[in-house]
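Below is query_24.tsv, which holds TSV, C-alpha atoms.
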```
chain	number	residue	atom	x	y	z
A	19	GLN	CA	5.95	38.61	-195.93
A	20	MET	CA	8.45	39.74	-193.26
A	21	PHE	CA	7.05	37.17	-190.80
A	22	SER	CA	7.51	34.17	-193.08
A	23	GLY	CA	10.41	32.34	-194.68
A	24	PRO	CA	13.98	31.95	-193.43
A	25	GLY	CA	14.01	35.32	-191.65
A	26	LEU	CA	11.33	34.21	-189.19
A	27	TRP	CA	13.07	30.93	-188.31
A	28	ALA	CA	16.39	32.68	-187.90
A	29	THR	CA	14.78	35.05	-185.42
A	30	VAL	CA	13.15	32.16	-183.52
A	31	LEU	CA	16.47	30.31	-183.40
A	32	ILE	CA	18.28	33.37	-182.03
A	33	LEU	CA	15.60	33.85	-179.36
A	34	ALA	CA	15.64	30.15	-178.49
A	35	ILE	CA	19.39	30.37	-177.92
A	36	ALA	CA	19.37	33.78	-176.23
A	37	THR	CA	16.46	33.30	-173.81
A	38	PRO	CA	18.01	30.54	-171.65
A	39	SER	CA	21.24	32.53	-171.63
A	40	ILE	CA	19.42	35.64	-170.43
A	41	GLN	CA	17.58	33.62	-167.80
A	42	TYR	CA	20.82	32.03	-166.61
A	43	THR	CA	22.53	35.44	-166.36
A	44	TYR	CA	19.57	36.82	-164.42
A	45	ALA	CA	19.59	33.83	-162.05
A	46	GLN	CA	23.31	34.32	-161.49
A	47	LYS	CA	22.72	37.95	-160.54
A	48	ILE	CA	19.97	36.95	-158.11
A	49	ASP	CA	22.21	34.30	-156.52
A	50	ALA	CA	25.06	36.79	-156.23
A	51	ALA	CA	22.80	39.34	-154.54
A	52	ILE	CA	21.49	36.74	-152.07
A	53	ASN	CA	25.01	35.51	-151.29
A	54	ALA	CA	26.14	39.08	-150.70
A	55	GLN	CA	23.25	39.64	-148.30
A	56	VAL	CA	24.01	36.38	-146.49
A	57	LEU	CA	27.60	37.50	-145.92
A	58	LYS	CA	26.54	41.01	-144.91
A	59	LYS	CA	24.02	39.75	-142.36
A	60	LYS	CA	26.46	37.19	-140.97
A	61	ASN	CA	29.08	39.87	-140.36
A	62	GLU	CA	26.52	42.22	-138.85
A	63	MET	CA	25.21	39.59	-136.45
A	64	ALA	CA	28.68	38.51	-135.38
A	65	LYS	CA	29.53	42.11	-134.46
A	66	ASP	CA	26.16	43.18	-133.05
A	67	THR	CA	26.24	43.25	-129.26
A	68	THR	CA	22.92	45.10	-128.94
A	69	VAL	CA	20.47	42.44	-127.84
A	70	VAL	CA	16.92	43.21	-126.71
A	71	ASP	CA	14.92	40.83	-124.56
A	72	VAL	CA	11.74	40.66	-126.65
A	73	ASP	CA	8.80	39.00	-124.92
A	74	PRO	CA	6.53	37.30	-127.48
A	75	GLY	CA	3.70	37.43	-124.95
A	76	SER	CA	0.53	35.75	-126.19
A	77	SER	CA	1.50	35.90	-129.87
A	78	PRO	CA	1.01	32.66	-131.81
A	79	MET	CA	4.11	30.60	-132.53
A	80	ARG	CA	5.11	28.67	-135.63
A	81	GLY	CA	7.98	26.18	-135.58
A	82	ASN	CA	9.95	24.29	-132.95
A	83	GLN	CA	9.13	25.25	-129.36
A	84	ASP	CA	12.58	24.05	-128.26
A	85	ALA	CA	14.56	25.85	-130.98
A	86	LYS	CA	17.51	27.95	-129.84
A	87	VAL	CA	16.66	30.70	-132.33
A	88	THR	CA	13.58	32.89	-131.94
A	89	ILE	CA	12.22	35.37	-134.45
A	90	VAL	CA	9.61	37.92	-133.36
A	91	GLU	CA	8.13	40.04	-136.14
A	92	TRP	CA	5.88	43.12	-136.21
A	93	ALA	CA	4.00	43.56	-139.49
A	94	ASP	CA	1.11	45.26	-141.28
A	95	PHE	CA	-1.08	43.03	-143.46
A	96	GLN	CA	-1.35	45.72	-146.17
A	97	CYS	CA	2.41	46.23	-146.35
A	98	GLY	CA	3.99	44.77	-149.50
A	99	TYR	CA	7.36	44.29	-147.82
A	100	CYS	CA	5.61	42.46	-144.96
A	101	GLN	CA	3.99	40.19	-147.53
A	102	GLN	CA	7.44	39.36	-148.92
A	103	MET	CA	8.76	38.63	-145.44
A	104	ALA	CA	5.75	36.44	-144.63
A	105	PHE	CA	6.37	34.34	-147.73
A	106	SER	CA	10.10	34.13	-146.92
A	107	LEU	CA	9.52	33.05	-143.32
A	108	LYS	CA	7.02	30.40	-144.37
A	109	ALA	CA	9.38	29.05	-147.04
A	110	ALA	CA	12.31	29.01	-144.58
A	111	MET	CA	10.16	27.20	-142.03
A	112	GLN	CA	9.15	24.60	-144.61
A	113	ARG	CA	12.80	23.95	-145.46
A	114	GLU	CA	13.98	23.67	-141.86
A	115	PRO	CA	10.93	23.26	-139.60
A	116	THR	CA	12.92	22.55	-136.43
A	117	SER	CA	15.70	25.15	-136.63
A	118	PHE	CA	13.78	28.20	-135.35
A	119	ARG	CA	10.51	29.40	-133.92
A	120	TYR	CA	8.62	32.42	-135.16
A	121	TYR	CA	6.11	34.76	-133.49
A	122	PHE	CA	3.88	37.25	-135.30
A	123	LYS	CA	2.78	40.60	-133.87
A	124	ASN	CA	0.43	43.15	-135.40
A	125	PHE	CA	1.67	46.65	-136.10
A	126	PRO	CA	-0.79	48.40	-138.45
A	127	LEU	CA	0.78	51.59	-139.80
A	128	THR	CA	-2.35	53.55	-138.99
A	129	ASN	CA	-4.39	54.50	-135.95
A	130	CYS	CA	-6.58	51.62	-134.76
A	131	ALA	CA	-7.91	53.37	-131.67
A	132	THR	CA	-11.57	52.76	-132.48
A	133	ASN	CA	-13.71	50.06	-134.01
A	134	THR	CA	-16.66	52.28	-134.89
A	135	GLY	CA	-17.58	53.30	-138.41
A	136	GLU	CA	-15.48	52.28	-141.41
A	137	ILE	CA	-12.07	51.34	-140.05
A	138	HIS	CA	-8.83	51.17	-141.99
A	139	ARG	CA	-8.30	47.84	-143.74
A	140	SER	CA	-4.95	47.30	-142.00
A	141	CYS	CA	-6.79	47.46	-138.69
A	142	ALA	CA	-9.61	45.23	-139.92
A	143	ALA	CA	-7.09	42.61	-141.08
A	144	ALA	CA	-5.23	42.73	-137.76
A	145	ILE	CA	-8.52	42.24	-135.92
A	146	ALA	CA	-9.41	39.37	-138.27
A	147	PHE	CA	-6.11	37.70	-137.40
A	148	ASN	CA	-6.86	37.98	-133.68
A	149	CYS	CA	-10.43	36.73	-134.18
A	150	ALA	CA	-9.10	33.68	-136.00
A	151	LYS	CA	-6.52	33.25	-133.24
A	152	ALA	CA	-9.39	33.15	-130.71
A	153	GLN	CA	-10.77	30.17	-132.65
A	154	GLY	CA	-7.40	28.41	-132.83
A	155	LYS	CA	-6.44	29.18	-136.44
A	156	PRO	CA	-4.20	32.27	-136.43
A	157	TRP	CA	-1.69	30.99	-139.00
A	158	GLU	CA	-4.34	29.91	-141.47
A	159	MET	CA	-5.76	33.46	-141.36
A	160	HIS	CA	-2.27	34.99	-141.40
A	161	ASP	CA	-1.49	33.17	-144.65
A	162	SER	CA	-4.86	34.00	-146.21
A	163	LEU	CA	-4.50	37.70	-145.40
A	164	PHE	CA	-1.01	38.00	-146.86
A	165	GLU	CA	-1.87	35.93	-149.93
A	166	ASN	CA	-4.83	38.25	-150.57
A	167	ASN	CA	-3.69	41.53	-149.03
A	168	HIS	CA	-5.21	43.46	-151.93
A	169	ALA	CA	-8.66	42.21	-150.88
A	170	LEU	CA	-9.40	42.98	-147.23
A	171	ALA	CA	-13.01	44.19	-147.30
A	172	ASP	CA	-15.31	42.70	-144.68
A	173	GLU	CA	-16.83	40.28	-147.18
A	174	ASN	CA	-13.33	39.09	-148.07
A	175	LEU	CA	-12.47	38.51	-144.40
A	176	LEU	CA	-15.64	36.48	-143.92
A	177	GLU	CA	-14.76	34.42	-146.99
A	178	TYR	CA	-11.29	33.65	-145.60
A	179	ALA	CA	-12.84	32.66	-142.26
A	180	ASN	CA	-15.17	30.25	-144.03
A	181	ASN	CA	-12.30	28.84	-146.11
A	182	ILE	CA	-10.16	28.03	-143.07
A	183	GLY	CA	-13.06	26.35	-141.28
A	184	ILE	CA	-13.85	28.56	-138.31
A	185	ASP	CA	-17.30	29.63	-137.07
A	186	VAL	CA	-18.17	32.50	-139.41
A	187	GLU	CA	-20.90	34.00	-137.22
A	188	VAL	CA	-18.63	34.07	-134.17
A	189	PHE	CA	-15.94	35.56	-136.38
A	190	ARG	CA	-18.36	38.19	-137.75
A	191	ALA	CA	-19.34	39.26	-134.23
A	192	CYS	CA	-15.67	39.40	-133.21
A	193	LEU	CA	-14.84	41.70	-136.14
A	194	LYS	CA	-17.50	44.19	-135.05
A	195	ALA	CA	-17.01	43.98	-131.29
A	196	PRO	CA	-16.68	47.49	-129.79
A	197	ASN	CA	-13.50	46.56	-127.95
A	198	ALA	CA	-11.90	44.58	-130.81
A	199	HIS	CA	-9.22	47.23	-131.33
A	200	LYS	CA	-8.04	46.65	-127.75
A	201	SER	CA	-6.77	43.23	-128.76
A	202	LEU	CA	-4.12	45.00	-130.83
A	203	ALA	CA	-2.91	47.18	-127.98
A	204	GLU	CA	-0.43	44.69	-126.53
A	205	ASP	CA	1.45	44.29	-129.83
A	206	VAL	CA	1.32	47.96	-130.81
A	207	ASP	CA	2.32	49.27	-127.38
A	208	LEU	CA	5.36	46.99	-127.22
A	209	GLY	CA	6.30	48.01	-130.75
A	210	ARG	CA	6.15	51.67	-129.77
A	211	LYS	CA	8.30	51.02	-126.69
A	212	LEU	CA	10.87	49.51	-129.05
A	213	ASN	CA	10.61	52.61	-131.27
A	214	LEU	CA	9.38	50.77	-134.33
A	215	GLU	CA	9.17	53.09	-137.32
A	216	SER	CA	8.44	50.74	-140.21
A	217	THR	CA	7.33	47.23	-141.07
A	218	PRO	CA	8.40	44.54	-141.17
A	219	THR	CA	10.63	44.99	-138.13
A	220	TRP	CA	11.80	41.74	-136.61
A	221	TYR	CA	14.15	40.45	-133.97
A	222	ILE	CA	16.25	37.32	-134.29
A	223	ASN	CA	17.46	36.26	-130.84
A	224	GLY	CA	17.00	39.87	-129.79
A	225	ARG	CA	18.93	41.46	-132.68
A	226	ARG	CA	16.87	43.99	-134.58
A	227	GLN	CA	16.30	43.70	-138.33
A	228	VAL	CA	14.26	45.88	-140.68
A	229	GLY	CA	12.85	44.85	-144.04
A	230	PRO	CA	12.32	41.56	-145.86
A	231	VAL	CA	15.03	39.07	-146.79
A	232	ALA	CA	15.02	35.88	-148.87
A	233	PRO	CA	14.42	32.45	-147.25
A	234	THR	CA	18.08	31.50	-147.81
A	235	VAL	CA	19.17	34.61	-145.93
A	236	ILE	CA	16.82	33.83	-143.04
A	237	LEU	CA	18.21	30.32	-142.69
A	238	SER	CA	21.77	31.62	-142.81
A	239	MET	CA	20.92	34.14	-140.09
A	240	VAL	CA	19.30	31.41	-138.02
A	241	LYS	CA	22.49	29.35	-138.27
A	242	THR	CA	24.63	32.36	-137.32
A	243	ALA	CA	22.36	33.20	-134.38
A	244	GLN	CA	22.63	29.63	-133.15
A	245	GLU	CA	26.43	29.71	-133.47
A	246	VAL	CA	26.63	33.02	-131.59
A	247	SER	CA	24.35	31.64	-128.87
A	248	GLU	CA	26.41	28.46	-128.50
A	249	ALA	CA	29.69	30.39	-128.43
A	250	LYS	CA	28.33	32.66	-125.71
A	251	ALA	CA	27.12	29.71	-123.65
A	252	LYS	CA	30.51	28.01	-124.03
A	253	SER	CA	32.32	31.19	-122.98
A	254	ASN	CA	30.12	31.60	-119.91
A	255	SER	CA	30.66	27.98	-118.85
A	256	ALA	CA	34.43	28.35	-119.23
A	257	GLN	CA	34.60	31.28	-116.81
A	258	PRO	CA	35.67	30.32	-113.27
A	259	THR	CA	32.89	30.19	-110.74
A	260	ALA	CA	33.22	32.67	-107.94
A	261	PRO	CA	33.80	31.00	-104.56
A	262	GLN	CA	30.75	30.88	-102.31
A	263	VAL	CA	30.93	32.74	-99.04
A	264	LYS	CA	29.45	30.72	-96.21
```

Structure encoded using structure tokens:
Amino acid sequence: QMFSGPGLWATVLILAIATPSIQYTYAQKIDAAINAQVLKKKNEMAKDTTVVDVDPGSSPMRGNQDAKVTIVEWADFQCGYCQQMAFSLKAAMQREPTSFRYYFKNFPLTNCATNTGEIHRSCAAAIAFNCAKAQGKPWEMHDSLFENNHALADENLLEYANNIGIDVEVFRACLKAPNAHKSLAEDVDLGRKLNLESTPTWYINGRRQVGPVAPTVILSMVKTAQEVSEAKAKSNSAQPTAPQVK
């Protein structure tokens, strides 16, 4: 009898009133945390004078080729934080598709020195990305791998290849090629030269960042990076030109 009568409806009414309130309070806390991170990152970038010239090399690009802001990221497809960052970057790009360009580099947090026997799934996913890149669809595979990073067995990789419309047999051969791991060397070697220790590690106009951030934070950082770049260019143009010696 305790679940019938006025007592039940009173409980439902209380929950109906309380639930939106709880959701609103939670949303406020999330917004406050994001705003705090936006401010923190803006201050950090304004003060950071350590800029690294990061060459994206042959990495695939997403976004506006002529954008003044460049993001280069190293990530592991099995890394949960990398998955968060991948979703954030894609969402930020969808909101402002012309404000920045983004390059992806593989950095599996395991040894991918061989392609014989049963290789680590992080390595297999990185190779799958490069095999899809060879067929002109790196970003389609990138998104599939992060959306399904709990399922990276060979049969899963072949399924993703089929879903994105590339030649599955060519892809299958690429996955098992004896020298497939060498395709990762360029990304990994550069990451090691930059002393990468964790993923995702990313550079925005040469300023190093570690860990995922929300799409709103990325777009704020892009705006700050553009402002810093424009201020620097303006300062350089304002400096007197040294007289030429003839």

Per-residue nearest contacts of segment 48-148 of chain A to segment 197-210 of chain A (7 Å; all atoms listed in the file) as a Markdown table:
```
| residue | atom | partner | partner_atom | distance |
| --- | --- | --- | --- | --- |
| A:Lys123 | CA | A:Asp205 | CA | 5.6 |
| A:Asn124 | CA | A:Asp205 | CA | 5.8 |
| A:Phe125 | CA | A:Val206 | CA | 5.5 |
| A:Cys130 | CA | A:His199 | CA | 6.2 |
| A:Ala131 | CA | A:His199 | CA | 6.3 |
| A:Thr132 | CA | A:His199 | CA | 6.1 |
| A:Asn133 | CA | A:His199 | CA | 5.9 |
| A:Ile145 | CA | A:Ala198 | CA | 6.6 |
```

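Between atom CA of Val186 of chain A and atom CA of Thr134 of chain A there is a distance of 20.3 Å.
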
Exercise. How far is it from atom CA of Ile222 of chain A to atom CA of Gln101 of chain A, in Å with one decimal?
Worked result: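 Computing it gives 18.3 Å between the two atoms.
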
For this session: Compare A:Ala249, A:Leu57, A:Leu212, A:Cys149 by their minimum atom-to-atom distance to Val72 of chain A, counting all atoms listed in the file, and give me the closest one.
Result: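 Closest to Val72 of chain A of all the choices is A:Leu212.
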
Exercise. Of the residues A:Phe164, A:Phe147, A:Tyr221, A:Tyr121, which is the one nearest to Met63 of chain A, using all atoms listed in the file?
Worked result: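 Between A:Phe164, A:Phe147, A:Tyr221, A:Tyr121, the residue approaching Met63 of chain A most closely is A:Tyr221.
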
For this session: Just give me the gap between atom CA of Thr217 of chain A and atom CA of Val246 of chain A in Å, one decimal is fine.
Result: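 Interatomic distance here is 25.8 Å.
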
May I have the residues within 12 Å of Asn174 of chain A as an mmCIF file with C-alpha atoms, in the coordinates of the input, using only C-alpha atoms and disregarding those fewer than 6 positions away in the same chain?
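Output file around.cif is given in full below:
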```cif
data_model
loop_
_atom_site.group_PDB
_atom_site.id
_atom_site.type_symbol
_atom_site.label_atom_id
_atom_site.label_comp_id
_atom_site.auth_asym_id
_atom_site.auth_seq_id
_atom_site.Cartn_x
_atom_site.Cartn_y
_atom_site.Cartn_z
ATOM 1 C CA ARG A 139 -8.300 47.840 -143.740
ATOM 2 C CA ALA A 142 -9.610 45.230 -139.920
ATOM 3 C CA ALA A 143 -7.090 42.610 -141.080
ATOM 4 C CA ALA A 146 -9.410 39.370 -138.270
ATOM 5 C CA MET A 159 -5.760 33.460 -141.360
ATOM 6 C CA SER A 162 -4.860 34.000 -146.210
ATOM 7 C CA LEU A 163 -4.500 37.700 -145.400
ATOM 8 C CA ASN A 166 -4.830 38.250 -150.570
ATOM 9 C CA ASN A 167 -3.690 41.530 -149.030
ATOM 10 C CA HIS A 168 -5.210 43.460 -151.930
ATOM 11 C CA ASN A 180 -15.170 30.250 -144.030
ATOM 12 C CA ASN A 181 -12.300 28.840 -146.110
ATOM 13 C CA VAL A 186 -18.170 32.500 -139.410
ATOM 14 C CA ARG A 190 -18.360 38.190 -137.750
#
```

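The shell of residues at most 6 Å from Glu91 of chain A, with all atoms listed in the file counted and near chain neighbours (fewer than 4 positions) removed, consists of Phe122, Lys123, Thr219 and Trp220 of chain A.
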
For this session: Measuring atom to atom with all atoms listed in the file, identify which of A:Gln96, A:Ser76, A:Gln83, A:Thr67 is nearest to Pro218 of chain A.
Result: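 Closest residue, counting all atoms listed in the file: A:Gln96.
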
For this session: Might you pull out every residue within 9 Å of Val87 of chain A, with all atoms listed in the file counted and same-chain residues fewer than 4 positions away left off, and present them as a list in words?
Result: Ser117, Phe118, Arg119, Tyr120, Ile222, Asn223, Val240, Lys241, Ala243, Gln244 and Ser247 of chain A

Save out the residues we just selected, C-alpha atoms, as a PDB file, in the coordinates of the input.
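Printed below is selection-v8.pdb as written:
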```
ATOM      1  CA  SER A 117      15.700  25.150-136.630  1.00  0.00           C
ATOM      2  CA  PHE A 118      13.780  28.200-135.350  1.00  0.00           C
ATOM      3  CA  ARG A 119      10.510  29.400-133.920  1.00  0.00           C
ATOM      4  CA  TYR A 120       8.620  32.420-135.160  1.00  0.00           C
ATOM      5  CA  ILE A 222      16.250  37.320-134.290  1.00  0.00           C
ATOM      6  CA  ASN A 223      17.460  36.260-130.840  1.00  0.00           C
ATOM      7  CA  VAL A 240      19.300  31.410-138.020  1.00  0.00           C
ATOM      8  CA  LYS A 241      22.490  29.350-138.270  1.00  0.00           C
ATOM      9  CA  ALA A 243      22.360  33.200-134.380  1.00  0.00           C
ATOM     10  CA  GLN A 244      22.630  29.630-133.150  1.00  0.00           C
ATOM     11  CA  SER A 247      24.350  31.640-128.870  1.00  0.00           C
TER      12      SER A 247
END
```

Exercise. Which protein, DNA or RNA residues have an atom at most 12 Å from (6.9, 34.8, -146.1), counting only C-alpha atoms? List them as a ChimeraX atom specification.
Worked result: /A:91,93,95,98-112,120,122,157,160-165,218,229-234,236

For this session: Could you check which of A:Lys59, A:Cys97, A:Gly154, A:Thr116 is closest to Ser140 of chain A, using only C-alpha atoms?
Result: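 The closest residue to Ser140 of chain A is A:Cys97.
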
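Taking only C-alpha atoms into account, Phe189 of chain A lies nearest to A:Ala150 out of the set A:Val70, A:Ile137, A:Ala150, A:Leu170.
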